[in-house]
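Heads up: the structure comes next, in structure tokens.
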Amino acid sequence: MSYVDEIYERVVTQNPGEPEFHQAVKEVLDSLRLVIDANEEKYRKAGILERFTEPERVISFRVPWVDDNGRVQVNKGYRVQFNSAIGAYKGGLRFHPSVNVSILKFLGFEQTLKNSLTGLPMGGGKGGSNFDPKGKSDREVMAFCQSFMTELYRHIGKDTDVPAGDIGVGGREIGFLFGQYKRMTGLYEGVLTGKGLNFGGSLVRTQATGYGLIYILDEMLKNNGKELTGKTVLVSGSGNVAIYAAEKAIELGGKVVAFSDSNGYIYDKDGIKLDVVKEIKEVRRGRIKEYVDAVPTAVFTEGKGIWTIPCDIALPCATQNELDLEDAKTLLANGCFAVAEGANMPSTREATDLFVEKKILFMPGKAANAGGVATSGLEQSQNALRMSWTFEEVDEKLHKIMVDIFAKAADAAERYGVPGNYVTGANIAGFEKVVDAMLAQGVC
Ligand code: NDP
């Protein structure tokens with residue numbers, strides 16, 4: 001049996017009931033076969049894949065807090081410290097009812113490769129809770145965040161593990177978490193990224209993942225003789241990534257016609273008015289269907305179906321496995337020629353395989369959404385230097401990082417004889433750097 005198949009079986013057996021983690025490992029290992037087969041003896045002897053698929057540490061803890069009715073609530077809290085071969089652990093915290101060990105291990109595993117691609121010295125980690133911030137008061141969110149950090153603080157630090165935001169964790173939550181870290185440790189240090197601008201945050205961090213997605217999309221289009229100007233774009237989700245991806249896509253001449261949330265999607269044939277979406281989502285924390293109250297010519301449809309709208313470019317920016325094989329077929333039938341993933345693993349394995357087989361321009365999440373963590377890395381640098389760079393300075397660095405990531409993915413794909421396959425290219429480029437560092441550091 002090949003080393004890849006052996007390790008995949010081992011992962012399934014040793015991590016029962018973790019389908020998202022199995023899926024991520026399978027997708028990555030399958031696309032790394034070319035590299036692994038070429039180095040099989042060396043990697044087997046060093047147990048590289050056994051180590052690469054086993055998190056260095058999984059921390060699980062109780063998070064008790066008091067709700068507005070005076071009742072004690074209990075949630076689960078986690079931090080997965082996946083791989084520190086090329087730097088201290090770095091990766092977001094997700095607060096969502098679906099959070100479990102399987103999802104956090106899949107995210108931490110992917111994060112290791114993504115962070116490697118950025119070229120910055122960051123290892124991979126991820127964490128979060130099954131707490132749902134939706135419908136909670138600010139005081140309840142604060143009580144939860146303080147309790148979460150009362151345990152987490154002992155596992156993190158500016159040179160050990162630096163969490164950030166993810167689904168359900170934005171500026172408000174990072175502020176509460178940072179305040180509690182400071183109280184518990186007495187340290188004012190860059191232990192979290194995505195902080196407010198007046199206490200160590202970086203300009204562009206809010207926009208970074210969305211802007212970065214469009215920078216790499218634009219680079220991919222240009223390298224394939226296409227452009228964004230005049231193209232119809234679908235954006236799923238309506239959170240942080242979706243909003244800023246749409247903002248930059250519109251700035252570069254694209255026409256964004258749809259957004260969604262977990263209730264349904266809106267279609268505005270005249271082009272989405274982003275100020276209306278921002279008011280609903282960033283100011284009122286409302287639902288995307290409220291868009292049609294402000295723009296009556298737009299249509300809201302309940303449930304799934306955003307990918308049935310005809311488009312040139314699709315940007316899935318909501319959550320994992322939101323775009324399946326049927327969706328992929330529909331997109332292709334409607335003439336969609338480029339997909340760039342703002343979310344982590346939004347396309348199912350079958351959908352990804354179809355995009356690759358049909359040779360459309362497809363940029364996988366670990367490359368396409370790396371702008372967020374890259375800018376977090378830039379926030380860490382500014383904190384260490386006790387300096388703040390201007391918006392233009394950070395944006396320029398972000399742009400350069402995304403262009404470099406495209407070049408690395410394209411180059412690795414070329415080197416291994418699969419030109420244009422950015423899935424394989426991104427995985428190989430990310431993997432090579434981590435594995436070289438693991439080999440150099442001996443058995444650890
Ligand atoms: P937010 O919480 O800001 O937004 C998530 C959005 O996706 C919300 O509009 C949410 O709707 C929607 N959504 C969630 N689940 C579903 C679903 N099943 N169907 C339709 N819509 C859904 O999160 P982010 O924008 O920060 O993150 C989005 C994705 O991007 C995630 O996969 C995240 O891991 C990834 N990512 C984020 C980075 C960042 O910097 N923020 C960096 C790299 C990746 P609702 O309000 O109804 O839940």
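Each chain in the structure tokens gets a letter, A, B, ..., in the order shown, and its residues are numbered from 1; ligands are numbered from 1 in order too.
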
Inset, instruction - Report as a ChimeraX atom specification which protein, DNA and RNA residues come within 8 Å of ligand 1, using only C-alpha atoms and all ligand atoms. - result: /A:92,94,107,134,165-170,205-206,208-210,236-243,260-264,287-288,304,317-320,322,342-346,365,369-373

Legend entry - Polymer residues at most 10 Å from range 409-412 of chain A, only C-alpha atoms, same-chain spacing of 5 or more positions, as a list in words: Leu117, Met220, Asn223, Met363, Ala367, Asp404, Gly417, Val418, Pro419, Gly420, Asn421, Tyr422, Val423, Thr424, Gly425, Ala426, Asn427, Ile428, Ala429, Gly430 and Glu432 of chain A

Please save N, CA and C atoms of the selected residues as a PDB file, in the first residue's frame.
ATOM      1  N   LEU A 117       2.539  29.130   3.111  1.00  0.00           N
ATOM      2  CA  LEU A 117       2.462  29.807   1.806  1.00  0.00           C
ATOM      3  C   LEU A 117       2.699  31.312   1.897  1.00  0.00           C
ATOM      4  N   MET A 220      -4.466  35.656 -10.887  1.00  0.00           N
ATOM      5  CA  MET A 220      -4.767  34.421 -11.625  1.00  0.00           C
ATOM      6  C   MET A 220      -5.410  34.757 -12.974  1.00  0.00           C
ATOM      7  N   ASN A 223      -2.803  36.272 -15.403  1.00  0.00           N
ATOM      8  CA  ASN A 223      -1.863  35.255 -15.898  1.00  0.00           C
ATOM      9  C   ASN A 223      -2.517  34.298 -16.880  1.00  0.00           C
ATOM     10  N   MET A 363      -8.855  28.687  -7.498  1.00  0.00           N
ATOM     11  CA  MET A 363      -7.843  28.957  -6.469  1.00  0.00           C
ATOM     12  C   MET A 363      -8.388  28.477  -5.122  1.00  0.00           C
ATOM     13  N   ALA A 367      -4.708  29.115  -0.319  1.00  0.00           N
ATOM     14  CA  ALA A 367      -3.952  30.176  -0.987  1.00  0.00           C
ATOM     15  C   ALA A 367      -4.798  31.449  -1.071  1.00  0.00           C
ATOM     16  N   ASP A 404       2.884  36.822  -4.588  1.00  0.00           N
ATOM     17  CA  ASP A 404       3.903  35.782  -4.358  1.00  0.00           C
ATOM     18  C   ASP A 404       3.263  34.407  -4.163  1.00  0.00           C
ATOM     19  N   GLY A 417       4.539  19.056 -13.194  1.00  0.00           N
ATOM     20  CA  GLY A 417       3.895  18.633 -14.432  1.00  0.00           C
ATOM     21  C   GLY A 417       2.385  18.757 -14.476  1.00  0.00           C
ATOM     22  N   VAL A 418       1.814  19.621 -13.596  1.00  0.00           N
ATOM     23  CA  VAL A 418       0.364  19.844 -13.662  1.00  0.00           C
ATOM     24  C   VAL A 418       0.084  21.349 -13.755  1.00  0.00           C
ATOM     25  N   PRO A 419       0.569  22.007 -14.822  1.00  0.00           N
ATOM     26  CA  PRO A 419       0.426  23.462 -14.918  1.00  0.00           C
ATOM     27  C   PRO A 419      -1.037  23.899 -14.812  1.00  0.00           C
ATOM     28  N   GLY A 420      -1.258  24.982 -14.074  1.00  0.00           N
ATOM     29  CA  GLY A 420      -2.624  25.499 -13.932  1.00  0.00           C
ATOM     30  C   GLY A 420      -3.422  24.822 -12.833  1.00  0.00           C
ATOM     31  N   ASN A 421      -2.875  23.738 -12.250  1.00  0.00           N
ATOM     32  CA  ASN A 421      -3.586  23.085 -11.145  1.00  0.00           C
ATOM     33  C   ASN A 421      -3.096  23.712  -9.832  1.00  0.00           C
ATOM     34  N   TYR A 422      -3.802  24.787  -9.420  1.00  0.00           N
ATOM     35  CA  TYR A 422      -3.344  25.542  -8.253  1.00  0.00           C
ATOM     36  C   TYR A 422      -3.657  24.819  -6.942  1.00  0.00           C
ATOM     37  N   VAL A 423      -4.533  23.827  -6.989  1.00  0.00           N
ATOM     38  CA  VAL A 423      -4.814  23.027  -5.778  1.00  0.00           C
ATOM     39  C   VAL A 423      -3.551  22.247  -5.421  1.00  0.00           C
ATOM     40  N   THR A 424      -3.058  21.502  -6.395  1.00  0.00           N
ATOM     41  CA  THR A 424      -1.835  20.729  -6.179  1.00  0.00           C
ATOM     42  C   THR A 424      -0.660  21.672  -5.917  1.00  0.00           C
ATOM     43  N   GLY A 425      -0.573  22.734  -6.688  1.00  0.00           N
ATOM     44  CA  GLY A 425       0.547  23.669  -6.547  1.00  0.00           C
ATOM     45  C   GLY A 425       0.611  24.286  -5.152  1.00  0.00           C
ATOM     46  N   ALA A 426      -0.540  24.728  -4.632  1.00  0.00           N
ATOM     47  CA  ALA A 426      -0.555  25.370  -3.307  1.00  0.00           C
ATOM     48  C   ALA A 426      -0.195  24.354  -2.230  1.00  0.00           C
ATOM     49  N   ASN A 427      -0.741  23.155  -2.344  1.00  0.00           N
ATOM     50  CA  ASN A 427      -0.430  22.139  -1.333  1.00  0.00           C
ATOM     51  C   ASN A 427       1.058  21.794  -1.341  1.00  0.00           C
ATOM     52  N   ILE A 428       1.615  21.618  -2.521  1.00  0.00           N
ATOM     53  CA  ILE A 428       3.041  21.256  -2.598  1.00  0.00           C
ATOM     54  C   ILE A 428       3.913  22.393  -2.048  1.00  0.00           C
ATOM     55  N   ALA A 429       3.636  23.605  -2.477  1.00  0.00           N
ATOM     56  CA  ALA A 429       4.479  24.740  -2.032  1.00  0.00           C
ATOM     57  C   ALA A 429       4.420  24.890  -0.515  1.00  0.00           C
ATOM     58  N   GLY A 430       3.228  24.783   0.060  1.00  0.00           N
ATOM     59  CA  GLY A 430       3.100  24.905   1.517  1.00  0.00           C
ATOM     60  C   GLY A 430       3.785  23.760   2.232  1.00  0.00           C
ATOM     61  N   GLU A 432       6.262  21.639   1.210  1.00  0.00           N
ATOM     62  CA  GLU A 432       7.728  21.528   1.087  1.00  0.00           C
ATOM     63  C   GLU A 432       8.443  22.309   2.186  1.00  0.00           C
TER      64      GLU A 432
END

Inset, instruction - Taking the chain letters and numbering used in this document, name the residues of range 79-299 of chain A that DSSP puts in strand (DSSP E or B), as a PyMOL selection string. - result: chain A and resi 79-83+89-95+123-129+157+161-164+166+169+232-235+255-261+264-267+299

Legend entry - Nearest candidate to Ser84 in chain A (options A:Thr160, A:Ser60, A:Ser2, A:Ser347; using only C-alpha atoms):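 Closest to Ser84 in chain A, using only C-alpha atoms: A:Thr160.
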
Cut-off 12 Å: closest range 415-436 of chain A/range 44-49 of chain A atom pairs per residue, using only C-alpha atoms, as JSON lines:
{"residue": "A:Phe431", "atom": "CA", "partner": "A:Leu49", "partner_atom": "CA", "distance": 10.6}
{"residue": "A:Glu432", "atom": "CA", "partner": "A:Ile48", "partner_atom": "CA", "distance": 11.4}
{"residue": "A:Val434", "atom": "CA", "partner": "A:Ile48", "partner_atom": "CA", "distance": 10.2}
{"residue": "A:Val435", "atom": "CA", "partner": "A:Ile48", "partner_atom": "CA", "distance": 7.3}
{"residue": "A:Asp436", "atom": "CA", "partner": "A:Ile48", "partner_atom": "CA", "distance": 10.1}

Inset, instruction - Determine, counting only C-alpha atoms, which protein, DNA and RNA residues have an atom within 7 Å of an atom of range 13-29 of chain A; residues of the same chain fewer than 4 positions away are not included. Present the result as JSON, numbers by chain. - result: {"A": [4, 8, 9, 33, 102, 103, 105, 106, 427]}

Legend entry - Shell of 12 Å around Ser381 in chain A, only C-alpha atoms, local chain residues under 4 positions omitted, as a PyMOL selection string: chain A and resi 120-122+158-159+189-191+193+200-202+374-377+385-389+394

Legend entry - Point-to-point distance from CA of Gly77 in chain A to CA of Arg284 in chain A, Å rounded to tenths: 27.4 Å

Legend entry - Between CA of Ile309 in chain A and CA of Tyr291 in chain A - distance in Å to one decimal: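 Those two atoms sit 17.5 Å apart.
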
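Among A:Ile216, A:Ala368, A:Ala333, A:Ala384, the residue with the shortest atom-to-atom distance to Val403 in chain A, counting only C-alpha atoms, is A:Ile216.
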
Inset, instruction - Quick one: pick out all helix (DSSP H, G or I) residues within range 216-422 of chain A from a backbone DSSP run and write them as JSON, numbers by chain. - result: {"A": [216, 217, 218, 219, 220, 221, 222, 223, 240, 241, 242, 243, 244, 245, 246, 247, 248, 249, 250, 251, 274, 275, 276, 277, 278, 279, 280, 281, 282, 283, 288, 289, 290, 291, 292, 293, 294, 306, 307, 308, 325, 326, 327, 328, 329, 330, 331, 332, 333, 349, 350, 351, 352, 353, 354, 355, 356, 357, 365, 366, 367, 368, 371, 372, 373, 374, 375, 376, 377, 378, 379, 380, 381, 382, 383, 384, 385, 391, 392, 393, 394, 395, 396, 397, 398, 399, 400, 401, 402, 403, 404, 405, 406, 407, 408, 409, 410, 411, 412, 413, 414, 415, 422]}

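For range 325-331 of chain A, the residues within 6 Å (counting only C-alpha atoms, excluding itself and residues fewer than 3 positions away along the chain) are Trp307, Asn334, Cys336, Glu350 and Ala351 of chain A.
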
Resulting file, chosen residues, all heavy atoms, as an mmCIF file, in the first residue's frame:
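Written file, selection-v3.cif:
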data_model
loop_
_atom_site.group_PDB
_atom_site.id
_atom_site.type_symbol
_atom_site.label_atom_id
_atom_site.label_comp_id
_atom_site.auth_asym_id
_atom_site.auth_seq_id
_atom_site.Cartn_x
_atom_site.Cartn_y
_atom_site.Cartn_z
ATOM 1 N N TRP A 307 -25.790 29.505 -5.970
ATOM 2 C CA TRP A 307 -24.940 29.138 -7.115
ATOM 3 C C TRP A 307 -25.741 28.894 -8.397
ATOM 4 O O TRP A 307 -25.162 28.601 -9.443
ATOM 5 C CB TRP A 307 -24.070 27.920 -6.765
ATOM 6 C CG TRP A 307 -23.329 28.111 -5.481
ATOM 7 C CD1 TRP A 307 -23.434 27.349 -4.358
ATOM 8 C CD2 TRP A 307 -22.392 29.166 -5.161
ATOM 9 N NE1 TRP A 307 -22.620 27.850 -3.355
ATOM 10 C CE2 TRP A 307 -21.967 28.957 -3.823
ATOM 11 C CE3 TRP A 307 -21.874 30.257 -5.862
ATOM 12 C CZ2 TRP A 307 -21.057 29.800 -3.184
ATOM 13 C CZ3 TRP A 307 -20.968 31.097 -5.215
ATOM 14 C CH2 TRP A 307 -20.572 30.865 -3.901
ATOM 15 N N ASN A 334 -23.608 27.401 -16.453
ATOM 16 C CA ASN A 334 -23.965 28.811 -16.644
ATOM 17 C C ASN A 334 -22.791 29.664 -17.134
ATOM 18 O O ASN A 334 -22.892 30.886 -17.208
ATOM 19 C CB ASN A 334 -24.493 29.401 -15.334
ATOM 20 C CG ASN A 334 -25.917 28.937 -15.048
ATOM 21 O OD1 ASN A 334 -26.652 28.551 -15.962
ATOM 22 N ND2 ASN A 334 -26.321 28.971 -13.799
ATOM 23 N N CYS A 336 -19.607 29.939 -15.719
ATOM 24 C CA CYS A 336 -18.640 30.436 -14.730
ATOM 25 C C CYS A 336 -17.247 29.913 -15.093
ATOM 26 O O CYS A 336 -17.071 28.719 -15.327
ATOM 27 C CB CYS A 336 -19.057 29.942 -13.342
ATOM 28 S SG CYS A 336 -17.837 30.239 -12.067
ATOM 29 N N GLU A 350 -15.857 16.590 -4.324
ATOM 30 C CA GLU A 350 -16.368 16.300 -5.672
ATOM 31 C C GLU A 350 -16.436 17.580 -6.520
ATOM 32 O O GLU A 350 -16.135 17.567 -7.722
ATOM 33 C CB GLU A 350 -17.768 15.665 -5.601
ATOM 34 C CG GLU A 350 -17.823 14.304 -4.923
ATOM 35 C CD GLU A 350 -17.676 14.364 -3.411
ATOM 36 O OE1 GLU A 350 -17.961 15.431 -2.822
ATOM 37 O OE2 GLU A 350 -17.234 13.351 -2.808
ATOM 38 N N ALA A 351 -16.840 18.676 -5.877
ATOM 39 C CA ALA A 351 -16.924 19.946 -6.605
ATOM 40 C C ALA A 351 -15.526 20.396 -7.036
ATOM 41 O O ALA A 351 -15.303 20.796 -8.190
ATOM 42 C CB ALA A 351 -17.577 21.017 -5.725
#

Inset, instruction - State, in Å with one decimal place, the distance from CA of Ile306 in chain A to CA of Leu234 in chain A. - result: 7.8 Å

Inset, instruction - Name all residues at most 12 Å from Ala143 in chain A (count only C-alpha atoms; drop same-chain ones fewer than 4 positions away) and give them as a list in words. - result: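 Listing them by chain and then by number gives Val63, Pro64, Trp65, Val66, Asp67, Asp68, Gly70, Val72, Gln73, Val74, Phe131, Pro133, Lys136, Ser137, Asp138, Arg139, Ser147, Phe148, Met149, Thr150, Glu173, Phe176, Leu177, Gly179 and Gln180 of chain A.
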